[in-house]
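K.L.:
What follows is a structure written as structure tokens; I'll ask about it next.
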Amino acid sequence: MADAGAQPKPFSLKLIVFGAVTLVFAGVFWYLVSRLMAGGLSEKTLVSTASVSLATLLAFSMFISLLALVGVLSSWRRERWTMVALVSLVPFLFFPLHFITVLAVLIIAVSTMLYLWTVGREARARIHFSFTRVIKADLTLTIALILIAVSTLYYGTVSNQGNNPDQVLTQLTGSTTTIVERVLPLVYHGYSADITVDEFIRQQLPNAAKIIEDLHVDSLLSREAKRQALEQKLRDLGVDPATVDVNAYLDDTDRAQAQFEQSLNAELVSVQDQAISSTRDQLAQNFRVTLTGKEKLADAIDTIVTQNVNRLVRPYAGAVPAILALSLFFFLWVFTFLYEYLIRGVGELLYLSLKAGKAVSITRETVEAERLTL
């Protein structure tokens, strides 16, 4: 009823404090988003980037939770409109004043306005107050609109707001190379940017110690049967049994095992050289680049990414920013369920903490209701 006509009261001190804290977390969120977009983390480690991404998610959760709290506690339209205006202007602190930024700000204003009014209406309509249920009101739509705003700002960042498309391709190449260099150590053992392509491939091939570890010959077999089984396994590996001292393996003594490992390693050199050459040629064919094997791994990755970006993307350089922005939106949208769970969890913890500290409380009101009777 407060919105309908009574004289508005001054803003309460607590509401001003909640609003200020909301703006602080909104500022932290948009600052971290701008840092991630600007590539300021490109030289940092994967762990460092993941930490900043998690901090961004937590700041976003606190921002939305506090926004819902302000929406519930606001009694007057002017309080909500003030909050909409202030929250919407925060991105201007971290992004340049441009048409793209203004468009993103308008989207943020719409999302903030809808959410404040929706949670306020939901809170007033409920007989038993539940912050967990109130915060869910139009939460998915709010998240979607903010993700659209983030993608819009990313479009402005990637396109560099109208500069040469070659700069876009350079940025795309650098970002892709950075991602590949961070992922490879997680997938391949012994990855180092300073080793050559051939050295990297050799590290992925089994050595004598690994082969011996994987060789399992039934101990109940006769010596001749063991020999035949071992020779067959060596053939399967591409090793000629005649070039390896099989008897040393069958003797099962430390000295004999060391002798067998030494002879197997010597034989594996030629086998590995063939495998390396074949693998390198296959990689060169797959990625349509020239590889000699002597290139540093970092240089080879940069060559592969650069040549393929130029071949596949350059003809469509003008559309790259829009494609990347759309890709970012759909990528972030996949995790909407995670954002919702986190926001609801953070919001419930915030509400319980404020209630325990007596910063907020539940009051009971008697309301008039109309009934149709005979």
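Please note that chains go A, B, ... in the order of the structure tokens, that every chain numbers its residues from 1, and that ligands are numbered from 1 in the order shown.
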If you count only C-alpha atoms, which residues fall within 12 Å of Ala144 of chain A, apart from same-chain ones fewer than 5 positions away, as a PyMOL selection string?
P.N.:
chain A and resi 107-108+110-112+115+138-139+149-151+329-337+339-340
K.L.:
Dump N, CA and C atoms for the selected residues as a CSV table (one decimal), in the first residue's frame?
P.N.:
```csv
chain,number,residue,atom,x,y,z
A,107,ILE,N,20.5,-2.7,-20.4
A,107,ILE,CA,20.1,-4.1,-20.1
A,107,ILE,C,20.1,-4.4,-18.7
A,108,ILE,N,21.2,-3.9,-18.0
A,108,ILE,CA,21.4,-4.0,-16.6
A,108,ILE,C,20.2,-3.3,-15.8
A,110,VAL,N,17.2,-2.7,-16.9
A,110,VAL,CA,16.0,-3.5,-17.1
A,110,VAL,C,16.0,-4.7,-16.1
A,111,SER,N,17.1,-5.4,-16.1
A,111,SER,CA,17.2,-6.6,-15.2
A,111,SER,C,17.0,-6.2,-13.7
A,112,THR,N,17.7,-5.1,-13.3
A,112,THR,CA,17.6,-4.7,-11.9
A,112,THR,C,16.2,-4.2,-11.6
A,115,TYR,N,13.8,-7.3,-11.3
A,115,TYR,CA,14.1,-8.1,-10.1
A,115,TYR,C,13.7,-7.4,-8.8
A,138,ASP,N,11.8,-14.8,-10.5
A,138,ASP,CA,12.4,-14.3,-11.8
A,138,ASP,C,13.9,-14.3,-11.7
A,139,LEU,N,14.5,-15.2,-10.9
A,139,LEU,CA,16.0,-15.2,-10.8
A,139,LEU,C,16.6,-15.6,-12.1
A,149,ALA,N,24.2,-8.7,-20.8
A,149,ALA,CA,24.9,-7.5,-20.6
A,149,ALA,C,26.4,-7.8,-20.6
A,150,VAL,N,26.8,-8.9,-20.0
A,150,VAL,CA,28.3,-9.3,-19.9
A,150,VAL,C,28.7,-9.6,-21.4
A,151,SER,N,27.9,-10.3,-22.1
A,151,SER,CA,28.3,-10.6,-23.5
A,151,SER,C,28.4,-9.4,-24.4
A,329,PHE,N,28.0,-16.0,-24.2
A,329,PHE,CA,26.7,-16.1,-23.6
A,329,PHE,C,26.3,-17.5,-23.4
A,330,PHE,N,26.3,-18.3,-24.5
A,330,PHE,CA,25.8,-19.7,-24.4
A,330,PHE,C,26.7,-20.5,-23.5
A,331,PHE,N,28.0,-20.3,-23.4
A,331,PHE,CA,28.9,-21.0,-22.5
A,331,PHE,C,28.5,-20.7,-21.1
A,332,LEU,N,28.3,-19.4,-20.8
A,332,LEU,CA,27.9,-19.0,-19.4
A,332,LEU,C,26.5,-19.5,-19.1
A,333,TRP,N,25.6,-19.5,-20.1
A,333,TRP,CA,24.2,-19.9,-19.8
A,333,TRP,C,24.1,-21.3,-19.4
A,334,VAL,N,25.1,-22.2,-19.9
A,334,VAL,CA,25.0,-23.6,-19.5
A,334,VAL,C,25.1,-23.8,-18.0
A,335,PHE,N,25.8,-22.9,-17.3
A,335,PHE,CA,26.0,-23.0,-15.9
A,335,PHE,C,25.0,-22.2,-15.0
A,336,THR,N,23.8,-21.9,-15.7
A,336,THR,CA,22.8,-21.1,-14.9
A,336,THR,C,22.4,-21.8,-13.7
A,337,PHE,N,22.2,-23.1,-13.7
A,337,PHE,CA,21.7,-23.8,-12.6
A,337,PHE,C,22.7,-23.6,-11.4
A,339,TYR,N,24.7,-21.0,-10.9
A,339,TYR,CA,24.6,-19.6,-10.4
A,339,TYR,C,23.3,-19.5,-9.5
A,340,GLU,N,22.2,-20.2,-9.9
A,340,GLU,CA,21.0,-20.1,-9.1
A,340,GLU,C,21.2,-20.7,-7.7
```
K.L.:
Restricting the calculation to only C-alpha atoms, which member of A:Leu54, A:Gly120, A:Ser65, A:Lys14 is positioned closest to Arg77 of chain A?
P.N.:
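Among the listed residues, A:Gly120 lies closest to Arg77 of chain A.
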K.L.:
Just the helix (DSSP H, G or I) stuff from segment 70-191 of chain A, please, per backbone DSSP, written as a ChimeraX atom specification.
P.N.:
/A:70-73,77-93,99-125,131-135,139-158,165-187
K.L.:
Kindly give the distance, in Å, that separates atom CA of Leu36 of chain A and atom CA of Asp302 of chain A, rounded to a single decimal.
P.N.:
21.5 Å
K.L.:
When you count only C-alpha atoms, which of these residues is closest to Ala59 of chain A: A:Val309, A:Leu147, A:Ile343, A:Leu350?
P.N.:
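Smallest separation from Ala59 of chain A among the options: A:Ile343.
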K.L.:
Pick the closest to Ala319 of chain A from A:Ser159, A:Glu199, A:Leu13, A:Glu368: which is it, counting only C-alpha atoms?
P.N.:
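Ranking A:Ser159, A:Glu199, A:Leu13, A:Glu368 by distance to Ala319 of chain A, first place goes to A:Ser159.
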K.L.:
Between A:Leu116, A:Leu57, A:Ala225, A:Leu184, single out the one closest to Ser75 of chain A, counting only C-alpha atoms.
P.N.:
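Nearest to Ser75 of chain A: A:Leu116.
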K.L.:
What's around Phe92 of chain A at 9 Å? Count only C-alpha atoms, leave out sequence neighbours fewer than 6 positions away in its own chain, and write the answer as a PDB file with N, CA and C atoms, in the first residue's frame.
P.N.:
```
ATOM      1  N   THR A 101      28.629   0.148 -24.358  1.00  0.00           N
ATOM      2  CA  THR A 101      28.526   0.198 -22.898  1.00  0.00           C
ATOM      3  C   THR A 101      27.156   0.718 -22.477  1.00  0.00           C
ATOM      4  N   VAL A 102      26.664   1.737 -23.174  1.00  0.00           N
ATOM      5  CA  VAL A 102      25.336   2.283 -22.860  1.00  0.00           C
ATOM      6  C   VAL A 102      24.268   1.213 -23.059  1.00  0.00           C
ATOM      7  N   VAL A 105      24.388  -1.129 -20.183  1.00  0.00           N
ATOM      8  CA  VAL A 105      23.842  -0.473 -18.985  1.00  0.00           C
ATOM      9  C   VAL A 105      22.320  -0.487 -19.021  1.00  0.00           C
TER      10      VAL A 105
END
```
K.L.:
At what distance in Å, to one decimal, does atom CA of Lys136 of chain A lie from atom CA of Tyr351 of chain A?
P.N.:
13.9 Å
K.L.:
Taking only C-alpha atoms into account, name the residue in A:Val119, A:Tyr31, A:Leu73, A:Ile100 that is nearest to Ser361 of chain A.
P.N.:
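Counting only C-alpha atoms, the residue closest to Ser361 of chain A is A:Leu73.
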K.L.:
Mind checking which residues fall within 9 Å of Ala275 of chain A, counting only C-alpha atoms, ignoring those fewer than 4 positions away in the same chain, and posting them as a list in words?
P.N.:
Ile201, Arg202, Leu205, Ser270, Val271, Thr279 and Arg280 of chain A
K.L.:
I need the chosen residues saved as a short mmCIF file (atom, residue, chain, number, x, y, z; two decimals), in the first residue's frame, with N, CA, C and O atoms.
P.N.:
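For reference, result10.cif as written:
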```cif
data_model
loop_
_atom_site.label_atom_id
_atom_site.label_comp_id
_atom_site.auth_asym_id
_atom_site.auth_seq_id
_atom_site.Cartn_x
_atom_site.Cartn_y
_atom_site.Cartn_z
N ILE A 201 56.89 -35.54 -28.00
CA ILE A 201 56.28 -36.79 -28.49
C ILE A 201 56.97 -38.00 -27.86
O ILE A 201 56.31 -38.97 -27.45
N ARG A 202 58.30 -37.95 -27.74
CA ARG A 202 59.05 -39.08 -27.16
C ARG A 202 58.62 -39.33 -25.70
O ARG A 202 58.56 -40.46 -25.26
N LEU A 205 55.70 -41.64 -25.36
CA LEU A 205 55.88 -43.04 -25.77
C LEU A 205 56.39 -43.86 -24.59
O LEU A 205 57.14 -43.36 -23.75
N SER A 270 65.10 -46.96 -32.11
CA SER A 270 64.70 -46.92 -33.52
C SER A 270 63.18 -47.00 -33.66
O SER A 270 62.59 -46.33 -34.53
N VAL A 271 62.56 -47.80 -32.80
CA VAL A 271 61.09 -47.90 -32.84
C VAL A 271 60.46 -46.55 -32.50
O VAL A 271 59.51 -46.10 -33.16
N THR A 279 54.14 -39.65 -35.97
CA THR A 279 53.23 -38.79 -35.20
C THR A 279 53.37 -37.34 -35.61
O THR A 279 52.38 -36.62 -35.76
N ARG A 280 54.62 -36.88 -35.79
CA ARG A 280 54.86 -35.50 -36.19
C ARG A 280 54.24 -35.21 -37.56
O ARG A 280 53.60 -34.18 -37.75
#
```
K.L.:
Counting only C-alpha atoms, figure out which residue out of A:Trp117, A:Tyr191, A:Phe287, A:Phe99 gets nearest to Gln203 of chain A.
P.N.:
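Once distances to Gln203 of chain A are computed over only C-alpha atoms, the minimum belongs to A:Tyr191.
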K.L.:
Just to confirm, what's the straight-line distance from atom CA of Ser353 of chain A to atom CA of Thr142 of chain A in Å (one decimal)?
P.N.:
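That distance, rounded to one decimal, is 24.4 Å.
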